[in-house]
Amino acid sequence: MLTLKRLPQSVLLALYGGAALSLLNPAAHAQSTAPTAPTPSASANADGSNIQSVNVVGSRRVGNSSAIETPVPVDTISMAKATEQGGQFDLAQVLTNVSPSFNSTRQTGADGADLVDSAALRGLGSDQTLVLMNGKRRHTTALVNLFGARNRGNTGTDMNAIPVMAIRNVQVLRDGAAAQYGSDAIAGVINIELKKSLGCEMVAGFGQYTEGDGDNYLASAYCGVAVGGGVLGITGEYYDRGRSNRAEEGNPRIIGDTKSQNSTLYLNGEIPAGPGKVYFTAGVQNRDASSAAWAREGVGSEDIPSRNSAAMYPNGFVPFINGDIDDRWGTVGYRFDVAGWNTDLSQTLGYNSMKYHIANTLNASIANRDLSRGGRGISASIFDAGGFSFRQATTNLDFSRFYEGLGNGTNVAFGFEHRRENYKIEAGEPGSYIDADGVGVGGNAGSQGFPGFQPGDVTDSDRHSSAAYLDIETDLSEHLKLQAALRHERYSDFGSTTTGKLAAGFRISPSVLLRGSASTGFRAPSLQQVYFSSTFTDFVSGQPLDVVLAPNGGRVANAAGIPKLTEEKSKSYTLGLTWSPSQATSLTADLYRINIDDRIVLSGRFDADNYPALGTTLQQLGVGQAQFFVNSVDTKTQGLDVTLSNRSDLGAGKLNTFLALNFSKTEVTGVHAPSALRGFEDVLLSERERLFIEEGAPRRKATLGFDYSLGKWETALRVVHFGPQTLGTFSGPPVPNQYYKAKTSADLSFTWAMDAKTKFTVGGTNIFNVKPSEQDPNETDNGFKYESVQFGLNGAAWFARLSHRF
């Protein structure tokens, strides 16, 4: 077993200082190896054809090849080293450890949120970041995160549905871009560019926490073959992640990574056809995942007969929330030339579903009824609890043309989009939700751990939207570049919205570019937020009544005076510079501010105790407590992004160094309760819920990396610093909030190039076994001394990878 010690603070300071000196070395020389960290560069179109594709997210300029030239901040993160040598096996963890503005923390004890890892930028919610694949909108998950310290009340895009092996690079646009790409692009845009190169490669990997659990097995392969004058890239992957457990001895809980088995297949290619090219992408992933719910105690506890049966689990039990997740995405399009205009017609389909099967459980009301009738007191131990799905179909028609005679060159782009969406909730089997022994009698209703969806929760809801945009980018002179965008969207369920963006870049010298932007944006309420419904039985003031998360527009929400959900509105500003004193060194620094009005949040529970007038109405409807999604919060987010990279000679070898930092602060600036709830803002948004919004992610994050190669050997060291976080408590004031101290993690790996095509890597992640600050388990969200904050709670791990190119 590997023995690890904490990294001394003096060593960290030396590393930071050494990196800064190395990065600013004017004598550095370029090298051909692409860095794996965020770099202000992107690959140019390499096929040499007249039908060109835009490769830099944030710009529709034909043939644009360098994000250093863009008036907005863009990072391009190569996936080559992460695929062959990285210690993280899934995309969300790769980006978390490389991109400071990206946040994704594995949850534990958060029901369905344990089973997916969503993307988020700059400390905002996962549904305020738009994810594209090959420039096309990718669908979100069907899940609404209701628990956990991250993304509460949000939907998001599941990054781990995409195998790292299939990805060429990830482009992160750190700027509001709703005027260019539509809803959700408030915090920024992540574009995932897939491979379509000739040749084959494979990777086999294994990893394990130094505690001896959480085994990870990875087998992934890519092959690009010539087809019909074009290229077809095929990626297949199997990833098996084992369960980990950090609960103390004697604690019946299971706290750690969920168990997950992913089988994934992706196709990506293009083929000449007539005057243009047909391009296509198709991906499917089946994931079998299992999350551990709260433990139920055995004989002698208050859990019998309310939540357990002595005949079934005399020593207590841990229910397992098993999710069968199906994710599919595909696009087919045709690029061609029409009278000098680059034209792109495409159709994209996305689908995500999650079906719940609750195992190692019981319905206590069924068991108690059986006991009262002379039986042993048993029920089924496995239930189909129902589930939900989300489907999205997007049609795009885009035109772009570069005019050399307008100014020093002007690109004009315009286009149209039509999107159709569907959200479904399916009920579980009756045993997963019924109260068999009667309301108020000994056994609680539904499957323990996760009660099934009831017939009243079922929905099959649709909407559609249409959009038109205009995007102009012009070089007014050799020094000044301007970009303007305007977009109008109309939704079938809440109306229309118009957004705009202005950006400019002014080149002070050949190596320095000043840049800035101002934009308006929006995020449409997701169908999941509008129609999600979940009902279970609880006891309020000693009376058994339903607790409901009420869908917008339903009878409970209408009785409470909850208005129809509408869009979140934002204003974004950036001001920054890029400096590239040589081909080997580059710096970007960008200040930003994002104001969001009418942000959609999940309210606290309203009942007869905290709001007597509403509580009476709810009880008349048979509802004891109710929660709602509502447009009620204004926030302000401001911060600074810095990236610094350098390639240099060091002795006989080559050293790649990068430093990237994000400082971000989100504040709730206003709470606007609907008229029926005015005066009860502290229930609508408690301090605990406010802190989930303001500090769901660390307020600062820094990544410092060194990659040194000498002959057949390569060494990589990455230090990731996470700033402090403050979260609320269940009890609330005057109980002190949970304070999580700043923590610093480090990854180290060694790679041996066995020959020109084969590499073997061994290393460790979080090698000094750093964990979050301990808290009172009675006050945390997951009921454990560690929350799933910053970089998680599992501690150190080791890994090995073997990669080979054919």
# chains A, B, ... in the order shown; residues from 1 in each chain; ligands from 1
>>> select_by_dssp(residues="stretch 532-695 of chain A", states="strand (DSSP E)", output="PyMOL selection string")
chain A and resi 534-540+543-549+568-582+585-602+623-627+629-650+653-671
>>> closest_atom_pairs(of="stretch 175-282 of chain A", to="stretch 588-611 of chain A", cutoff="10 Å", atoms="only C-alpha atoms", output="JSON lines")
{"residue": "A:Asp175", "atom": "CA", "partner": "A:Tyr592", "partner_atom": "CA", "distance": 8.1}
{"residue": "A:Gly176", "atom": "CA", "partner": "A:Ile594", "partner_atom": "CA", "distance": 8.1}
{"residue": "A:Ile186", "atom": "CA", "partner": "A:Ile594", "partner_atom": "CA", "distance": 7.9}
{"residue": "A:Ala187", "atom": "CA", "partner": "A:Ile594", "partner_atom": "CA", "distance": 7.6}
>>> residues_around(residues="A:Gly428", least_positions_apart="2", cutoff="7 Å", atoms="only C-alpha atoms", output="ChimeraX atom specification")
/A:384-386,426,430,432,452-454
>>> select_by_dssp(residues="stretch 540-782 of chain A", states="helix (DSSP H, G or I)", output="PyMOL selection string")
chain A and resi 555-559+612-620+675-677+681-684+687-695
>>> write_last_selection(atoms="N, CA, C and O atoms", output="compact mmCIF listing (two decimals), in the first residue's frame")
# COMPACT_ATOMS: atom_id res chain seq x y z
N ARG A 555 -52.37 22.18 -9.96
CA ARG A 555 -53.35 22.70 -9.01
C ARG A 555 -52.72 23.21 -7.73
O ARG A 555 -53.15 24.23 -7.17
N VAL A 556 -51.67 22.53 -7.25
CA VAL A 556 -51.02 22.98 -6.02
C VAL A 556 -50.28 24.28 -6.26
O VAL A 556 -50.36 25.23 -5.46
N ALA A 557 -49.51 24.35 -7.35
CA ALA A 557 -48.76 25.58 -7.65
C ALA A 557 -49.71 26.74 -7.89
O ALA A 557 -49.45 27.87 -7.45
N ASN A 558 -50.80 26.50 -8.59
CA ASN A 558 -51.76 27.57 -8.84
C ASN A 558 -52.41 28.04 -7.54
O ASN A 558 -52.63 29.24 -7.33
N ALA A 559 -52.75 27.10 -6.66
CA ALA A 559 -53.35 27.47 -5.38
C ALA A 559 -52.39 28.31 -4.54
O ALA A 559 -52.82 29.17 -3.76
N PRO A 612 -49.14 29.94 7.61
CA PRO A 612 -50.46 29.40 7.97
C PRO A 612 -51.52 29.58 6.89
O PRO A 612 -52.30 28.64 6.65
N ALA A 613 -51.59 30.74 6.24
CA ALA A 613 -52.64 30.97 5.24
C ALA A 613 -52.51 29.99 4.08
O ALA A 613 -53.49 29.37 3.64
N LEU A 614 -51.28 29.83 3.57
CA LEU A 614 -51.06 28.89 2.46
C LEU A 614 -51.20 27.45 2.96
O LEU A 614 -51.73 26.59 2.25
N GLY A 615 -50.74 27.20 4.19
CA GLY A 615 -50.81 25.86 4.72
C GLY A 615 -52.23 25.33 4.79
O GLY A 615 -52.50 24.16 4.50
N THR A 616 -53.17 26.20 5.14
CA THR A 616 -54.57 25.78 5.19
C THR A 616 -55.06 25.39 3.80
O THR A 616 -55.75 24.37 3.63
N THR A 617 -54.70 26.19 2.80
CA THR A 617 -55.10 25.88 1.42
C THR A 617 -54.50 24.56 0.96
O THR A 617 -55.18 23.74 0.34
N LEU A 618 -53.25 24.34 1.29
CA LEU A 618 -52.59 23.11 0.88
C LEU A 618 -53.25 21.90 1.52
O LEU A 618 -53.47 20.87 0.87
N GLN A 619 -53.59 22.01 2.81
CA GLN A 619 -54.21 20.88 3.50
C GLN A 619 -55.59 20.58 2.93
O GLN A 619 -56.02 19.42 2.90
N GLN A 620 -56.29 21.60 2.46
CA GLN A 620 -57.57 21.37 1.80
C GLN A 620 -57.39 20.58 0.51
O GLN A 620 -58.30 19.86 0.08
N SER A 675 -46.44 37.52 -5.41
CA SER A 675 -47.29 38.31 -4.52
C SER A 675 -47.91 37.47 -3.41
O SER A 675 -48.03 37.92 -2.26
N ALA A 676 -48.27 36.21 -3.72
CA ALA A 676 -48.90 35.36 -2.72
C ALA A 676 -47.93 34.94 -1.62
O ALA A 676 -48.36 34.49 -0.55
N LEU A 677 -46.62 35.06 -1.87
CA LEU A 677 -45.62 34.58 -0.91
C LEU A 677 -44.80 35.72 -0.31
O LEU A 677 -43.81 35.47 0.38
N GLU A 681 -39.99 35.42 2.30
CA GLU A 681 -38.78 35.20 1.51
C GLU A 681 -37.80 34.29 2.20
O GLU A 681 -37.02 33.59 1.54
N ASP A 682 -37.81 34.26 3.55
CA ASP A 682 -36.88 33.38 4.25
C ASP A 682 -37.25 31.92 4.09
O ASP A 682 -36.40 31.04 4.28
N VAL A 683 -38.49 31.61 3.76
CA VAL A 683 -38.88 30.24 3.44
C VAL A 683 -38.60 29.94 1.97
O VAL A 683 -38.09 28.88 1.62
N LEU A 684 -38.92 30.92 1.13
CA LEU A 684 -38.68 30.76 -0.30
C LEU A 684 -37.21 30.49 -0.58
O LEU A 684 -36.86 29.60 -1.37
N GLU A 687 -31.19 30.65 4.19
CA GLU A 687 -29.75 30.89 4.11
C GLU A 687 -29.02 29.67 3.55
O GLU A 687 -28.07 29.80 2.78
N ARG A 688 -29.48 28.50 3.91
CA ARG A 688 -28.85 27.27 3.42
C ARG A 688 -28.96 27.19 1.90
O ARG A 688 -27.98 26.89 1.21
N GLU A 689 -30.15 27.46 1.36
CA GLU A 689 -30.32 27.41 -0.09
C GLU A 689 -29.57 28.55 -0.77
O GLU A 689 -29.04 28.39 -1.87
N ARG A 690 -29.50 29.71 -0.13
CA ARG A 690 -28.74 30.82 -0.69
C ARG A 690 -27.27 30.46 -0.83
O ARG A 690 -26.62 30.76 -1.84
N LEU A 691 -26.73 29.79 0.18
CA LEU A 691 -25.32 29.42 0.12
C LEU A 691 -25.05 28.35 -0.94
O LEU A 691 -23.97 28.31 -1.52
N PHE A 692 -26.03 27.49 -1.22
CA PHE A 692 -25.85 26.55 -2.32
C PHE A 692 -25.68 27.30 -3.64
O PHE A 692 -24.94 26.85 -4.52
N ILE A 693 -26.37 28.43 -3.79
CA ILE A 693 -26.23 29.23 -5.01
C ILE A 693 -24.91 29.99 -5.02
O ILE A 693 -24.19 30.01 -6.02
N GLU A 694 -24.58 30.60 -3.89
CA GLU A 694 -23.41 31.48 -3.84
C GLU A 694 -22.10 30.71 -3.75
O GLU A 694 -21.07 31.17 -4.26
N GLU A 695 -22.11 29.54 -3.10
CA GLU A 695 -20.86 28.84 -2.85
C GLU A 695 -20.96 27.35 -3.16
O GLU A 695 -20.32 26.53 -2.51
>>> residues_around(residues="A:His721", least_positions_apart="6", cutoff="12 Å", atoms="only C-alpha atoms", output="ChimeraX atom specification")
/A:7,9,12-13,16,96-100,659-663,698-705,741-747,766,770,790-791
>>> closest_residue(among="A:Pro772, A:Gly256, A:Gly639, A:Gly224", to="A:Arg122", atoms="only C-alpha atoms")
A:Gly639
>>> closest_atom_pairs(of="stretch 104-203 of chain A", to="stretch 208-222 of chain A", cutoff="12 Å", atoms="only C-alpha atoms", output="CSV")
residue,atom,partner,partner_atom,distance
A:Ile162,CA,A:Ser220,CA,11.8
A:Pro163,CA,A:Ser220,CA,8.2
A:Val164,CA,A:Ser220,CA,8.9
A:Met165,CA,A:Ser220,CA,6.6
A:Ala166,CA,A:Tyr222,CA,6.8
A:Ile167,CA,A:Tyr222,CA,10.0
A:Arg168,CA,A:Tyr222,CA,11.3
A:Leu194,CA,A:Tyr222,CA,11.1
A:Lys195,CA,A:Tyr222,CA,8.9
A:Lys196,CA,A:Tyr222,CA,9.7
A:Ser197,CA,A:Tyr222,CA,9.7
A:Leu198,CA,A:Tyr222,CA,9.7
A:Gly199,CA,A:Tyr222,CA,8.1
A:Cys200,CA,A:Tyr222,CA,5.5
A:Glu201,CA,A:Tyr222,CA,5.3
A:Met202,CA,A:Ala221,CA,4.1
A:Val203,CA,A:Ser220,CA,5.3
>>> atom_distance(atom1="atom CA of A:Arg401", atom2="atom CA of A:Thr76")
24.4 Å
